[in-house]
$ cat run_19.pdb   # PDB, C-alpha atoms
ATOM      1  CA  MET A   1       0.000   0.000   0.000
ATOM      2  CA  ALA A   2       1.148   3.520  -0.688
ATOM      3  CA  ALA A   3       2.353   5.819   2.036
ATOM      4  CA  VAL A   4      -0.049   7.882   4.139
ATOM      5  CA  PRO A   5      -1.359  10.655   1.886
ATOM      6  CA  THR A   6       0.084  14.105   2.318
ATOM      7  CA  ASP A   7      -0.614  15.411  -1.166
ATOM      8  CA  SER A   8      -2.029  18.944  -1.322
ATOM      9  CA  GLY A   9      -3.741  18.205  -4.630
ATOM     10  CA  SER A  10      -2.242  21.207  -6.375
ATOM     11  CA  ARG A  11      -1.639  20.962 -10.097
ATOM     12  CA  PRO A  12       1.854  19.589 -10.844
ATOM     13  CA  ALA A  13       4.006  21.081 -13.567
ATOM     14  CA  ALA A  14       4.036  17.888 -15.656
ATOM     15  CA  GLY A  15       0.278  17.279 -15.678
ATOM     16  CA  ALA A  16      -2.903  17.173 -13.646
ATOM     17  CA  ARG A  17      -3.455  15.072 -10.552
ATOM     18  CA  PHE A  18      -6.389  12.636 -10.668
ATOM     19  CA  PHE A  19      -7.780   9.728  -8.703
ATOM     20  CA  CYS A  20     -10.098   6.881  -9.632
ATOM     21  CA  THR A  21     -12.296   4.756  -7.443
ATOM     22  CA  ALA A  22     -11.958   1.016  -7.944
ATOM     23  CA  GLY A  23     -13.487  -2.167  -6.566
ATOM     24  CA  ARG A  24     -11.631  -3.758  -3.691
ATOM     25  CA  GLY A  25      -8.807  -5.858  -5.103
ATOM     26  CA  LEU A  26      -8.849  -4.118  -8.510
ATOM     27  CA  GLU A  27      -6.375  -1.398  -7.525
ATOM     28  CA  PRO A  28      -3.328  -3.245  -9.012
ATOM     29  CA  PHE A  29      -5.141  -3.615 -12.350
ATOM     30  CA  LEU A  30      -5.984   0.078 -12.395
ATOM     31  CA  MET A  31      -2.430   1.072 -11.477
ATOM     32  CA  ARG A  32      -1.057  -0.994 -14.334
ATOM     33  CA  GLU A  33      -3.642   0.412 -16.734
ATOM     34  CA  VAL A  34      -3.035   4.109 -15.980
ATOM     35  CA  ARG A  35       0.696   3.570 -16.433
ATOM     36  CA  ALA A  36       0.254   1.784 -19.766
ATOM     37  CA  ARG A  37      -2.664   3.716 -21.227
ATOM     38  CA  LEU A  38      -2.056   7.226 -19.856
ATOM     39  CA  ALA A  39       1.727   7.188 -19.274
ATOM     40  CA  ALA A  40       0.834   8.173 -15.706
ATOM     41  CA  THR A  41       3.430   9.050 -13.076
ATOM     42  CA  GLN A  42       3.307   9.349  -9.280
ATOM     43  CA  VAL A  43       0.953   6.367  -9.188
ATOM     44  CA  GLU A  44      -0.096   5.262  -5.709
ATOM     45  CA  TYR A  45      -3.111   3.718  -4.096
ATOM     46  CA  ILE A  46      -5.079   3.405  -0.922
ATOM     47  CA  SER A  47      -7.938   1.005  -0.435
ATOM     48  CA  GLY A  48     -10.537   1.662  -3.117
ATOM     49  CA  LYS A  49      -8.685   4.543  -4.812
ATOM     50  CA  VAL A  50      -5.747   5.013  -7.192
ATOM     51  CA  PHE A  51      -3.999   8.380  -7.480
ATOM     52  CA  PHE A  52      -1.893   9.385 -10.466
ATOM     53  CA  THR A  53      -0.563  12.302 -12.526
ATOM     54  CA  THR A  54      -1.055  12.488 -16.286
ATOM     55  CA  CYS A  55      -1.070  14.925 -19.200
ATOM     56  CA  SER A  56      -3.718  12.899 -21.058
ATOM     57  CA  ASP A  57      -6.879  14.587 -22.318
ATOM     58  CA  LEU A  58     -10.466  13.606 -21.569
ATOM     59  CA  ASN A  59     -10.692  11.371 -24.629
ATOM     60  CA  MET A  60      -7.880   9.177 -23.264
ATOM     61  CA  LEU A  61      -9.197   9.282 -19.710
ATOM     62  CA  LYS A  62     -12.555   7.960 -20.913
ATOM     63  CA  LYS A  63     -10.840   4.779 -22.111
ATOM     64  CA  LEU A  64      -9.959   3.522 -18.625
ATOM     65  CA  LYS A  65     -11.573   0.098 -18.203
ATOM     66  CA  SER A  66     -10.770  -0.947 -14.633
ATOM     67  CA  ALA A  67     -11.934   2.282 -12.939
ATOM     68  CA  GLU A  68     -15.354   3.016 -11.521
ATOM     69  CA  ARG A  69     -15.279   6.829 -11.423
ATOM     70  CA  LEU A  70     -12.706   9.485 -12.281
ATOM     71  CA  PHE A  71     -12.013  12.612 -10.212
ATOM     72  CA  LEU A  72      -9.733  15.594 -10.523
ATOM     73  CA  LEU A  73      -7.892  15.809  -7.197
ATOM     74  CA  ILE A  74      -8.184  18.943  -5.090
ATOM     75  CA  LYS A  75      -6.820  17.701  -1.776
ATOM     76  CA  LYS A  76      -5.501  14.517  -0.195
ATOM     77  CA  GLN A  77      -4.356  14.792   3.390
ATOM     78  CA  PHE A  78      -4.345  13.175   6.813
ATOM     79  CA  PRO A  79      -7.732  12.349   8.368
ATOM     80  CA  LEU A  80      -9.619  14.942  10.354
ATOM     81  CA  ASN A  81      -8.771  15.158  14.023
ATOM     82  CA  VAL A  82     -11.923  14.050  15.825
ATOM     83  CA  SER A  83     -10.328  13.155  19.149
ATOM     84  CA  SER A  84     -12.596  15.780  20.682
ATOM     85  CA  VAL A  85     -16.340  15.253  20.406
ATOM     86  CA  SER A  86     -16.944  18.968  20.503
ATOM     87  CA  LYS A  87     -19.138  19.824  17.528
ATOM     88  CA  GLY A  88     -17.555  23.269  17.229
ATOM     89  CA  LYS A  89     -14.040  21.857  16.894
ATOM     90  CA  ILE A  90     -15.145  19.269  14.335
ATOM     91  CA  LEU A  91     -16.864  21.980  12.290
ATOM     92  CA  SER A  92     -13.657  23.993  12.438
ATOM     93  CA  GLU A  93     -11.694  20.971  11.147
ATOM     94  CA  ILE A  94     -14.104  20.585   8.225
ATOM     95  CA  GLN A  95     -13.841  24.278   7.319
ATOM     96  CA  ARG A  96     -10.047  24.014   7.295
ATOM     97  CA  LEU A  97     -10.340  21.742   4.247
ATOM     98  CA  ILE A  98     -11.257  24.875   2.303
ATOM     99  CA  ASN A  99      -9.703  27.748   4.189
ATOM    100  CA  ASP A 100      -6.195  26.360   4.782
ATOM    101  CA  ASP A 101      -5.188  26.092   1.126
ATOM    102  CA  PRO A 102      -7.526  28.023  -1.198
ATOM    103  CA  GLU A 103      -4.911  27.998  -3.972
ATOM    104  CA  SER A 104      -5.283  24.240  -4.417
ATOM    105  CA  TRP A 105      -9.003  24.782  -5.029
ATOM    106  CA  LEU A 106      -8.417  27.536  -7.575
ATOM    107  CA  ASN A 107      -5.767  25.486  -9.400
ATOM    108  CA  ALA A 108      -8.069  22.480  -9.584
ATOM    109  CA  ILE A 109     -10.971  24.575 -10.912
ATOM    110  CA  SER A 110      -8.673  26.115 -13.528
ATOM    111  CA  THR A 111      -7.508  22.654 -14.633
ATOM    112  CA  TRP A 112     -11.095  21.385 -14.727
ATOM    113  CA  LYS A 113     -12.189  24.274 -16.965
ATOM    114  CA  SER A 114      -9.186  23.803 -19.261
ATOM    115  CA  LEU A 115      -9.979  20.105 -19.707
ATOM    116  CA  LEU A 116     -13.608  20.817 -20.584
ATOM    117  CA  GLU A 117     -12.746  23.668 -22.972
ATOM    118  CA  LEU A 118     -10.145  21.556 -24.775
ATOM    119  CA  ASP A 119     -12.601  18.677 -25.073
ATOM    120  CA  ALA A 120     -15.284  21.023 -26.442
ATOM    121  CA  LYS A 121     -12.871  22.394 -29.062
ATOM    122  CA  LYS A 122     -11.961  18.879 -30.187
ATOM    123  CA  ASP A 123     -15.658  17.986 -30.473
ATOM    124  CA  LYS A 124     -16.243  21.036 -32.687
ATOM    125  CA  LEU A 125     -13.298  20.131 -34.907
ATOM    126  CA  PHE A 126     -14.570  16.563 -35.193
ATOM    127  CA  GLN A 127     -18.052  17.763 -36.123
ATOM    128  CA  ARG A 128     -16.633  20.097 -38.752
ATOM    129  CA  ALA A 129     -14.596  17.269 -40.244
ATOM    130  CA  ALA A 130     -17.610  14.944 -40.222
ATOM    131  CA  ASN A 131     -19.965  17.602 -41.623
ATOM    132  CA  PRO A 132     -18.098  19.841 -44.094
ATOM    133  CA  PRO A 133     -19.686  23.274 -44.630
ATOM    134  CA  LYS A 134     -22.292  23.504 -47.371
ATOM    135  CA  ARG A 135     -21.107  26.915 -48.537
ATOM    136  CA  LYS A 136     -18.307  25.510 -50.689
ATOM    137  CA  VAL A 137     -20.732  23.119 -52.377
ATOM    138  CA  GLU A 138     -23.175  25.955 -52.993
ATOM    139  CA  GLU A 139     -20.393  28.141 -54.441
ATOM    140  CA  ASN A 140     -19.442  25.361 -56.834
ATOM    141  CA  ASP A 141     -23.065  25.026 -57.930
ATOM    142  CA  ILE A 142     -23.299  28.757 -58.606
ATOM    143  CA  ILE A 143     -20.006  28.761 -60.535
ATOM    144  CA  ASN A 144     -21.283  25.904 -62.664
ATOM    145  CA  ALA A 145     -24.550  27.793 -63.200
ATOM    146  CA  LYS A 146     -22.594  30.866 -64.306
ATOM    147  CA  LYS A 147     -20.617  28.801 -66.781
ATOM    148  CA  LEU A 148     -23.830  27.354 -68.169
ATOM    149  CA  LYS A 149     -25.328  30.843 -68.421
ATOM    150  CA  THR A 150     -22.254  32.119 -70.265
ATOM    151  CA  GLU A 151     -22.406  29.250 -72.725
ATOM    152  CA  GLN A 152     -26.097  29.917 -73.326
ATOM    153  CA  LEU A 153     -25.368  33.620 -73.845
ATOM    154  CA  GLN A 154     -22.667  32.829 -76.386
ATOM    155  CA  GLU A 155     -25.059  30.541 -78.231
ATOM    156  CA  LEU A 156     -27.683  33.315 -78.317
ATOM    157  CA  GLN A 157     -25.160  35.827 -79.647
ATOM    158  CA  GLU A 158     -23.999  33.430 -82.334
ATOM    159  CA  SER A 159     -27.585  32.754 -83.381
ATOM    160  CA  GLY A 160     -28.268  36.506 -83.555
ATOM    161  CA  GLU A 161     -30.922  36.513 -80.825
ATOM    162  CA  CYS A 162     -31.139  39.289 -78.166
ATOM    163  CA  PRO A 163     -28.536  38.719 -75.388
ATOM    164  CA  LEU A 164     -29.707  38.515 -71.782
ATOM    165  CA  GLU A 165     -26.906  40.645 -70.313
ATOM    166  CA  LYS A 166     -29.197  42.599 -68.030
ATOM    167  CA  GLN A 167     -30.758  39.456 -66.586
ATOM    168  CA  THR A 168     -27.321  37.942 -66.017
ATOM    169  CA  GLU A 169     -26.129  41.060 -64.191
ATOM    170  CA  GLU A 170     -29.213  41.050 -61.962
ATOM    171  CA  GLU A 171     -28.719  37.378 -61.076
ATOM    172  CA  THR A 172     -25.034  37.992 -60.317
ATOM    173  CA  GLN A 173     -25.988  40.890 -58.033
ATOM    174  CA  GLU A 174     -28.568  38.732 -56.236
ATOM    175  CA  GLN A 175     -25.976  35.991 -55.695
ATOM    176  CA  GLY A 176     -23.529  38.563 -54.298
ATOM    177  CA  ASP A 177     -26.184  39.918 -51.930
ATOM    178  CA  PHE A 178     -26.986  36.342 -50.868
ATOM    179  CA  PHE A 179     -23.374  35.651 -49.873
ATOM    180  CA  THR A 180     -23.080  39.013 -48.112
ATOM    181  CA  GLU A 181     -26.144  38.209 -45.978
ATOM    182  CA  ARG A 182     -24.775  34.742 -45.190
ATOM    183  CA  GLU A 183     -21.443  36.203 -44.084
ATOM    184  CA  LYS A 184     -23.192  38.764 -41.892
ATOM    185  CA  SER A 185     -25.389  36.122 -40.259
ATOM    186  CA  GLN A 186     -22.411  33.821 -39.634
ATOM    187  CA  GLU A 187     -20.417  36.683 -38.135
ATOM    188  CA  ALA A 188     -23.345  37.611 -35.879
ATOM    189  CA  PHE A 189     -23.665  33.987 -34.783
ATOM    190  CA  GLN A 190     -19.949  33.810 -33.922
ATOM    191  CA  ASN A 191     -20.239  37.040 -31.929
ATOM    192  CA  ASP A 192     -23.171  35.597 -29.987
ATOM    193  CA  VAL A 193     -21.128  32.493 -29.178
ATOM    194  CA  VAL A 194     -18.203  34.610 -27.928
ATOM    195  CA  LYS A 195     -20.512  36.767 -25.805
ATOM    196  CA  ALA A 196     -22.171  33.670 -24.311
ATOM    197  CA  ALA A 197     -18.779  32.173 -23.465
ATOM    198  CA  ASP A 198     -17.632  35.433 -21.859
ATOM    199  CA  ALA A 199     -20.823  35.689 -19.845
ATOM    200  CA  LYS A 200     -20.426  32.116 -18.665
ATOM    201  CA  ASN A 201     -16.844  32.773 -17.570
ATOM    202  CA  GLN A 202     -17.836  35.940 -15.712
ATOM    203  CA  SER A 203     -20.893  34.519 -13.984
ATOM    204  CA  ASN A 204     -20.629  32.971 -10.526
ATOM    205  CA  LEU A 205     -19.903  29.275 -10.466
ATOM    206  CA  THR A 206     -22.727  27.054  -9.218
ATOM    207  CA  PHE A 207     -21.916  23.922  -7.239
ATOM    208  CA  ARG A 208     -23.104  21.219  -4.886
ATOM    209  CA  VAL A 209     -21.242  19.031  -2.399
ATOM    210  CA  SER A 210     -21.585  15.283  -1.968
ATOM    211  CA  CYS A 211     -19.961  13.832   1.127
ATOM    212  CA  ARG A 212     -19.168  10.308   2.247
ATOM    213  CA  CYS A 213     -17.964   9.348   5.726
ATOM    214  CA  SER A 214     -16.730   5.904   6.747
ATOM    215  CA  GLY A 215     -14.896   4.190   9.605
ATOM    216  CA  ALA A 216     -14.653   5.592  13.129
ATOM    217  CA  ILE A 217     -15.213   9.129  11.840
ATOM    218  CA  ALA A 218     -18.623   8.161  10.493
ATOM    219  CA  LYS A 219     -19.566   6.587  13.834
ATOM    220  CA  THR A 220     -18.381   9.661  15.751
ATOM    221  CA  PHE A 221     -20.237  12.045  13.470
ATOM    222  CA  THR A 222     -23.474  10.034  13.588
ATOM    223  CA  ALA A 223     -23.633   8.786  17.162
ATOM    224  CA  GLN A 224     -21.882  11.456  19.233
ATOM    225  CA  VAL A 225     -22.005  14.697  17.272
ATOM    226  CA  HIS A 226     -25.198  14.056  15.252
ATOM    227  CA  LEU A 227     -23.454  15.249  12.110
ATOM    228  CA  PRO A 228     -24.573  13.104   9.130
ATOM    229  CA  PRO A 229     -22.762  13.346   5.752
ATOM    230  CA  LYS A 230     -25.506  15.623   4.424
ATOM    231  CA  GLU A 231     -24.784  18.120   7.192
ATOM    232  CA  VAL A 232     -21.026  17.876   6.540
ATOM    233  CA  GLY A 233     -21.718  18.685   2.899
ATOM    234  CA  ARG A 234     -23.856  21.684   3.897
ATOM    235  CA  ILE A 235     -21.111  23.055   6.163
ATOM    236  CA  THR A 236     -18.551  22.597   3.400
ATOM    237  CA  GLY A 237     -20.841  24.356   0.936
ATOM    238  CA  ILE A 238     -21.238  27.360   3.236
ATOM    239  CA  ALA A 239     -17.456  27.574   3.631
ATOM    240  CA  LEU A 240     -17.004  27.501  -0.164
ATOM    241  CA  MET A 241     -19.578  30.257  -0.659
ATOM    242  CA  LYS A 242     -17.833  32.453   1.896
ATOM    243  CA  GLN A 243     -14.338  31.735   0.560
ATOM    244  CA  PHE A 244     -14.936  31.957  -3.213
ATOM    245  CA  GLY A 245     -18.358  33.539  -3.666
ATOM    246  CA  TRP A 246     -19.794  30.539  -5.509
ATOM    247  CA  LYS A 247     -23.515  29.829  -5.550
ATOM    248  CA  ALA A 248     -25.066  26.589  -4.323
ATOM    249  CA  ASP A 249     -27.333  24.739  -6.767
ATOM    250  CA  LEU A 250     -28.487  21.268  -5.750
ATOM    251  CA  ARG A 251     -30.447  20.553  -8.946
ATOM    252  CA  ASN A 252     -28.257  21.494 -11.902
ATOM    253  CA  PRO A 253     -24.832  22.805 -10.803
ATOM    254  CA  ASN A 254     -21.866  23.572 -13.051
ATOM    255  CA  LEU A 255     -19.579  21.815 -10.608
ATOM    256  CA  GLU A 256     -19.824  18.967  -8.112
ATOM    257  CA  ILE A 257     -17.465  18.626  -5.160
ATOM    258  CA  PHE A 258     -16.848  15.130  -3.766
ATOM    259  CA  ILE A 259     -15.531  14.647  -0.214
ATOM    260  CA  HIS A 260     -14.581  11.351   1.391
ATOM    261  CA  LEU A 261     -13.629  11.340   5.062
ATOM    262  CA  ASN A 262     -12.379   8.245   6.896
ATOM    263  CA  ASP A 263      -9.741   7.151   9.415
ATOM    264  CA  ILE A 264      -6.898   6.974   6.863
ATOM    265  CA  TYR A 265      -7.308  10.086   4.722
ATOM    266  CA  SER A 266      -9.436  13.072   3.730
ATOM    267  CA  VAL A 267      -9.923  13.327  -0.032
ATOM    268  CA  VAL A 268     -11.577  16.130  -1.971
ATOM    269  CA  GLY A 269     -12.089  15.984  -5.733
ATOM    270  CA  ILE A 270     -14.199  16.970  -8.729
ATOM    271  CA  PRO A 271     -16.009  14.261 -10.729
ATOM    272  CA  VAL A 272     -14.721  14.668 -14.277
ATOM    273  CA  PHE A 273     -17.662  12.874 -15.906
ATOM    274  CA  ARG A 274     -21.274  12.776 -14.782
ATOM    275  CA  VAL A 275     -21.574   9.140 -15.845
ATOM    276  CA  PRO A 276     -19.233   6.583 -14.198
ATOM    277  CA  LEU A 277     -16.492   5.119 -16.386
ATOM    278  CA  ALA A 278     -17.783   1.649 -15.513
ATOM    279  CA  SER A 279     -21.060   2.409 -17.336
ATOM    280  CA  ARG A 280     -20.398   1.062 -20.814
ATOM    281  CA  ALA A 281     -22.801   2.548 -23.341
ATOM    282  CA  TYR A 282     -22.142  -0.335 -25.733
ATOM    283  CA  ILE A 283     -23.221  -3.006 -23.207
ATOM    284  CA  LYS A 284     -26.962  -3.383 -23.754
ATOM    285  CA  THR A 285     -27.703  -6.087 -21.178
ATOM    286  CA  ALA A 286     -26.542  -6.290 -17.566
ATOM    287  CA  GLY A 287     -24.074  -9.040 -16.744
ATOM    288  CA  LEU A 288     -20.732  -9.333 -15.029
ATOM    289  CA  ARG A 289     -19.464  -5.995 -13.723
ATOM    290  CA  SER A 290     -17.513  -4.376 -16.551
ATOM    291  CA  THR A 291     -14.450  -3.645 -14.400
ATOM    292  CA  ILE A 292     -14.291  -7.253 -13.182
ATOM    293  CA  ALA A 293     -14.703  -8.494 -16.748
ATOM    294  CA  TRP A 294     -11.755  -6.324 -17.763
ATOM    295  CA  ALA A 295      -9.663  -7.722 -14.898
ATOM    296  CA  LEU A 296     -10.474 -11.297 -15.960
ATOM    297  CA  ALA A 297      -9.548 -10.478 -19.558
ATOM    298  CA  SER A 298      -6.278  -8.968 -18.347
ATOM    299  CA  LEU A 299      -5.446 -12.099 -16.338
ATOM    300  CA  ALA A 300      -6.251 -14.242 -19.369
ATOM    301  CA  GLU A 301      -3.832 -12.077 -21.404
ATOM    302  CA  ILE A 302      -6.304 -11.660 -24.252
ATOM    303  CA  GLN A 303      -4.592  -9.727 -26.998
ATOM    304  CA  VAL A 304      -6.373  -6.754 -28.530
ATOM    305  CA  SER A 305      -6.055  -6.515 -32.302
ATOM    306  CA  SER A 306      -5.853  -3.234 -34.266
ATOM    307  CA  GLY A 307      -5.236  -1.280 -31.089
ATOM    308  CA  SER A 308      -8.913  -1.372 -30.129
ATOM    309  CA  ASP A 309     -10.679  -2.751 -27.075
ATOM    310  CA  ARG A 310     -13.822  -3.583 -29.051
ATOM    311  CA  ASN A 311     -12.599  -7.027 -30.082
ATOM    312  CA  LEU A 312     -12.543  -8.331 -26.524
ATOM    313  CA  ALA A 313     -15.175 -11.006 -26.148
ATOM    314  CA  VAL A 314     -16.166  -9.723 -22.707
ATOM    315  CA  HIS A 315     -17.209  -6.409 -24.212
TER     316      HIS A 315
END
$ encode --input "run_19.pdb" --output "structure tokens"
Amino acid sequence: MAAVPTDSGSRPAAGARFFCTAGRGLEPFLMREVRARLAATQVEYISGKVFFTTCSDLNMLKKLKSAERLFLLIKKQFPLNVSSVSKGKILSEIQRLINDDPESWLNAISTWKSLLELDAKKDKLFQRAANPPKRKVEENDIINAKKLKTEQLQELQESGECPLEKQTEEETQEQGDFFTEREKSQEAFQNDVVKAADAKNQSNLTFRVSCRCSGAIAKTFTAQVHLPPKEVGRITGIALMKQFGWKADLRNPNLEIFIHLNDIYSVVGIPVFRVPLASRAYIKTAGLRSTIAWALASLAEIQVSSGSDRNLAVH
């Protein structure tokens, strides 16, 4: 097992710091996978979680097969000191998760935004490549129409009939006006997109907190202090609003904060994806847990052809 966590969760120079949850006993498989698939460094684990540093983008992170959920790490530190059953002191310990090192929070949020923006840009580029703009096709059609019109005009002149120069000029002017209007509308649309992005960046971030407590801490909070995880999450949320000015939104937040408190560590992170990695969209019927199936395939040393995981029989 890795050493007792003392990581602040701040963004390292060589990449971002993440952690994945994994089924008990699957941590070695996940450690091997993040090293091989993501070229991850600083890989360590504690029961049920694997921590690592990587420069990989979201597209690569989505390909992890032995992980349950993926989080961007904000903090990993020693467990809270609950030797005293005083509710005030415990609340103070919880608030220190935010107030002691606000820079780690800001760095993590910055990294989270950068990952999402980069992923959005790649999606746009992919869509453009898959759906080429129609304007070029339309321009080619108009050019061909012009050529046909010119040929017809030449035929009329050769036959001695009245040329249709005026009509041709009017049609050319209409086509020019058409393209001018299209360019104006596209420019206006782009400006609207930029304004919307700026407004989103300037608006206050909305968030919610989900908290999990286990071990002796959970028993102390529940039995002696009457402080269930929901209340811990509320206290954390109030501290975040005071520290950063964010707004709480339990229904549809921009950001979710995950906190896990137990006797070995205190971990705070941001879920990178709303849907767990273990939820395979291409598996239509429920069967063996996908992460366990991947572990069995790994033990069987099934070779993947063409660099794709789709040929595995278990998937």
$ atom_distance --input "run_19.pdb" --atom1 "CA of Pro276 (chain A)" --atom2 "CA of Ala22 (chain A)"
11.1 Å
$ closest_residue --input "run_19.pdb" --among "A:Thr111, A:Asn262, A:Ser279, A:Thr236" --to "Ser210 (chain A)" --atoms "only C-alpha atoms"
A:Thr236
$ resolve_selection --input "run_19.pdb" --expression "the PyMOL selection byres ((chain A and resi 53-64) around 8)" --output "short mmCIF file (atom, residue, chain, number, x, y, z; two decimals) with C-alpha atoms, in the frame of the given file"
data_model
loop_
_atom_site.label_atom_id
_atom_site.label_comp_id
_atom_site.auth_asym_id
_atom_site.auth_seq_id
_atom_site.Cartn_x
_atom_site.Cartn_y
_atom_site.Cartn_z
CA PRO A 12 1.85 19.59 -10.84
CA ALA A 14 4.04 17.89 -15.66
CA GLY A 15 0.28 17.28 -15.68
CA ALA A 16 -2.90 17.17 -13.65
CA ARG A 17 -3.46 15.07 -10.55
CA PHE A 18 -6.39 12.64 -10.67
CA GLU A 33 -3.64 0.41 -16.73
CA VAL A 34 -3.04 4.11 -15.98
CA ARG A 37 -2.66 3.72 -21.23
CA LEU A 38 -2.06 7.23 -19.86
CA ALA A 39 1.73 7.19 -19.27
CA ALA A 40 0.83 8.17 -15.71
CA THR A 41 3.43 9.05 -13.08
CA GLN A 42 3.31 9.35 -9.28
CA VAL A 43 0.95 6.37 -9.19
CA PHE A 51 -4.00 8.38 -7.48
CA PHE A 52 -1.89 9.38 -10.47
CA LYS A 65 -11.57 0.10 -18.20
CA SER A 66 -10.77 -0.95 -14.63
CA ALA A 67 -11.93 2.28 -12.94
CA LEU A 115 -9.98 20.10 -19.71
CA LEU A 116 -13.61 20.82 -20.58
CA ASP A 119 -12.60 18.68 -25.07
CA LEU A 277 -16.49 5.12 -16.39
#
$ atom_distance --input "run_19.pdb" --atom1 "CA of Val267 (chain A)" --atom2 "CA of Lys76 (chain A)"
4.6 Å
$ atom_distance --input "run_19.pdb" --atom1 "CA of Ile257 (chain A)" --atom2 "CA of Ile217 (chain A)"
19.6 Å
$ resolve_selection --input "run_19.pdb" --expression "the PyMOL selection byres ((chain A and resi 228) around 12)" --output "list of chain:residue names"
A:Ser210, A:Cys211, A:Arg212, A:Cys213, A:Ser214, A:Ile217, A:Ala218, A:Lys219, A:Thr220, A:Phe221, A:Thr222, A:Ala223, A:Gln224, A:Val225, A:His226, A:Leu227, A:Pro229, A:Lys230, A:Glu231, A:Val232, A:Gly233, A:Arg234, A:Ile235, A:Leu261
$ resolve_selection --input "run_19.pdb" --expression "the PyMOL selection byres ((chain A and resi 106) around 12)" --output "list in words"
Gly9, Ser10, Arg11, Leu73, Ile74, Lys75, Ile98, Asn99, Asp101, Pro102, Glu103, Ser104, Trp105, Asn107, Ala108, Ile109, Ser110, Thr111, Trp112, Lys113, Leu205, Leu240, Gln243, Phe244 and Trp246 of chain A
$ residues_around --input "run_19.pdb" --residues "region 289-299 of chain A" --least-positions-apart "2" --cutoff "8 Å" --atoms "all atoms listed in the file" --output "PDB file with C-alpha atoms, keeping the file's coordinate frame"
ATOM      1  CA  LEU A  26      -8.849  -4.118  -8.510  1.00  0.00           C
ATOM      2  CA  PHE A  29      -5.141  -3.615 -12.350  1.00  0.00           C
ATOM      3  CA  LYS A  65     -11.573   0.098 -18.203  1.00  0.00           C
ATOM      4  CA  SER A  66     -10.770  -0.947 -14.633  1.00  0.00           C
ATOM      5  CA  ALA A  67     -11.934   2.282 -12.939  1.00  0.00           C
ATOM      6  CA  GLU A  68     -15.354   3.016 -11.521  1.00  0.00           C
ATOM      7  CA  ALA A 278     -17.783   1.649 -15.513  1.00  0.00           C
ATOM      8  CA  SER A 279     -21.060   2.409 -17.336  1.00  0.00           C
ATOM      9  CA  ARG A 280     -20.398   1.062 -20.814  1.00  0.00           C
ATOM     10  CA  GLY A 287     -24.074  -9.040 -16.744  1.00  0.00           C
ATOM     11  CA  GLU A 301      -3.832 -12.077 -21.404  1.00  0.00           C
ATOM     12  CA  ILE A 302      -6.304 -11.660 -24.252  1.00  0.00           C
ATOM     13  CA  LEU A 312     -12.543  -8.331 -26.524  1.00  0.00           C
ATOM     14  CA  VAL A 314     -16.166  -9.723 -22.707  1.00  0.00           C
ATOM     15  CA  HIS A 315     -17.209  -6.409 -24.212  1.00  0.00           C
TER      16      HIS A 315
END
$ closest_residue --input "run_19.pdb" --among "A:Lys121, A:Lys87, A:Arg69, A:Arg208" --to "Asn252 (chain A)" --atoms "only C-alpha atoms"
A:Arg208
$ residues_near_point --input "run_19.pdb" --point "(-26.4, 25.1, -2.9)" --cutoff "10 Å" --atoms "all atoms listed in the file" --output "short mmCIF file (atom, residue, chain, number, x, y, z; two decimals) with C-alpha atoms, keeping the file's coordinate frame"
data_model
loop_
_atom_site.label_atom_id
_atom_site.label_comp_id
_atom_site.auth_asym_id
_atom_site.auth_seq_id
_atom_site.Cartn_x
_atom_site.Cartn_y
_atom_site.Cartn_z
CA THR A 206 -22.73 27.05 -9.22
CA PHE A 207 -21.92 23.92 -7.24
CA ARG A 208 -23.10 21.22 -4.89
CA VAL A 209 -21.24 19.03 -2.40
CA GLY A 233 -21.72 18.68 2.90
CA ARG A 234 -23.86 21.68 3.90
CA GLY A 237 -20.84 24.36 0.94
CA ILE A 238 -21.24 27.36 3.24
CA MET A 241 -19.58 30.26 -0.66
CA TRP A 246 -19.79 30.54 -5.51
CA LYS A 247 -23.52 29.83 -5.55
CA ALA A 248 -25.07 26.59 -4.32
CA ASP A 249 -27.33 24.74 -6.77
CA LEU A 250 -28.49 21.27 -5.75
CA ARG A 251 -30.45 20.55 -8.95
CA ASN A 252 -28.26 21.49 -11.90
CA PRO A 253 -24.83 22.80 -10.80
#
